[in-house]
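Comments concern the structure below.
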Amino acid sequence: MSASLIHDLAPIGSIVAWSDGTPRPPERFKKKLAAWQTRNSKGRLIRKEGPRQSGNFASPGYFTLHEADFGGKNTVVMRIHRTFGLDSDLAFKVLERPALGSIRVFDRAGANAELVHLAGNHEAAVAWLKEHGYPNAILEEVTADEVAAAHIEGRVAA
């Protein structure tokens, strides 16, 4: 799947893998393996932004994936996010879509909102918010209409 298809078809909260098509190098080649992992991994889709025009500059649009958190004892020290332009030459694949009834927790309302958590139900989302404290958070449920539209249009995880 191309980057533009991920942007257009994959719902926020999906697990998306990306690859450049090259084979994984052996573990003994640490630098080659690290370089390969930057172009071959997976993450949760947390944000989409459409194309923009600013003067003479045109941005093709992009989407952002949350790849990993680093830290310890329930403290996140560093988050790894990967942002891909819609003109990316990598191949993408939707591995998993958000489950029906799960709740997306966005950091704020509007077009610049970013997914900060995907909870299994409303109670879990409210409990997570109490613990993590996003004062402008918005909760959005994954509806049956959204799941059904993905199946009817042939957008099952491919």
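In the structure tokens, chains take the letters A, B, ... in the order shown, each chain's residues start at 1, and ligands count up from 1 in the order shown.
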Subject >> Test item: residues at most 10 Å from Gly61 (chain A), only C-alpha atoms, excluding those fewer than 3 positions along its chain, as a PyMOL selection string >> reply: chain A and resi 3-4+7+48-53+58+84-87
Subject >> 9 Å contact set for region 98-108 of chain A, only C-alpha atoms, chain neighbours under 3 positions out, as a VMD selection string >> reply: chain A and resid 11 to 15 46 112 to 122 124 to 125 129 134 to 144 146 to 147
**OP:** For CA of Asp145 (chain A) and CA of Leu65 (chain A), determine how far apart the two atoms are, in Å to one decimal place.
**Re:**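 Value for the CA of Asp145 (chain A)-CA of Leu65 (chain A) distance: 24.0 Å.
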Subject >> Residue contacts of Glu67 (chain A) (6 Å, only C-alpha atoms) excluding same-chain residues fewer than 5 positions away, as number ranges by chain >> reply: A: 43, 80-81
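When CA of Lys30 (chain A) is paired with CA of Val76 (chain A), their separation reads 25.5 Å.
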Original post:
Which of these, A:Arg44, A:Lys93, A:Lys31, A:Arg24, has the shortest distance to Asp69 (chain A) once you count only C-alpha atoms?
Top reply: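 Between A:Arg44, A:Lys93, A:Lys31, A:Arg24, the residue approaching Asp69 (chain A) most closely is A:Arg44.
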Subject >> All alpha helix (DSSP H) residues (DSSP, backbone) inside region 6-155 of chain A, as number ranges by chain >> reply: A: 6-9, 30-38, 122-132, 144-152
Subject >> Best match for closeness to Trp18 (chain A) among A:Ala91, A:Leu45, A:Ala34, A:Leu5, counting only C-alpha atoms >> reply: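 For Trp18 (chain A), the nearest of the candidates is A:Ala91.
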**OP:** Would you please give, as an MDAnalysis selection string, all residues of chain A that DSSP assigns to strand (DSSP E) based on the backbone?
**Re:** chainID A and resid 15:19 41:49 52:54 57:59 62:72 75:85 91:96 103:106 115:119 138:141
**OP:** Using CA of Arg97 (chain A) and CA of Pro25 (chain A) as the two end points, give the distance in Å to one decimal.
**Re:**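 Atom-to-atom, CA of Arg97 (chain A) and CA of Pro25 (chain A) are spaced 29.3 Å apart.
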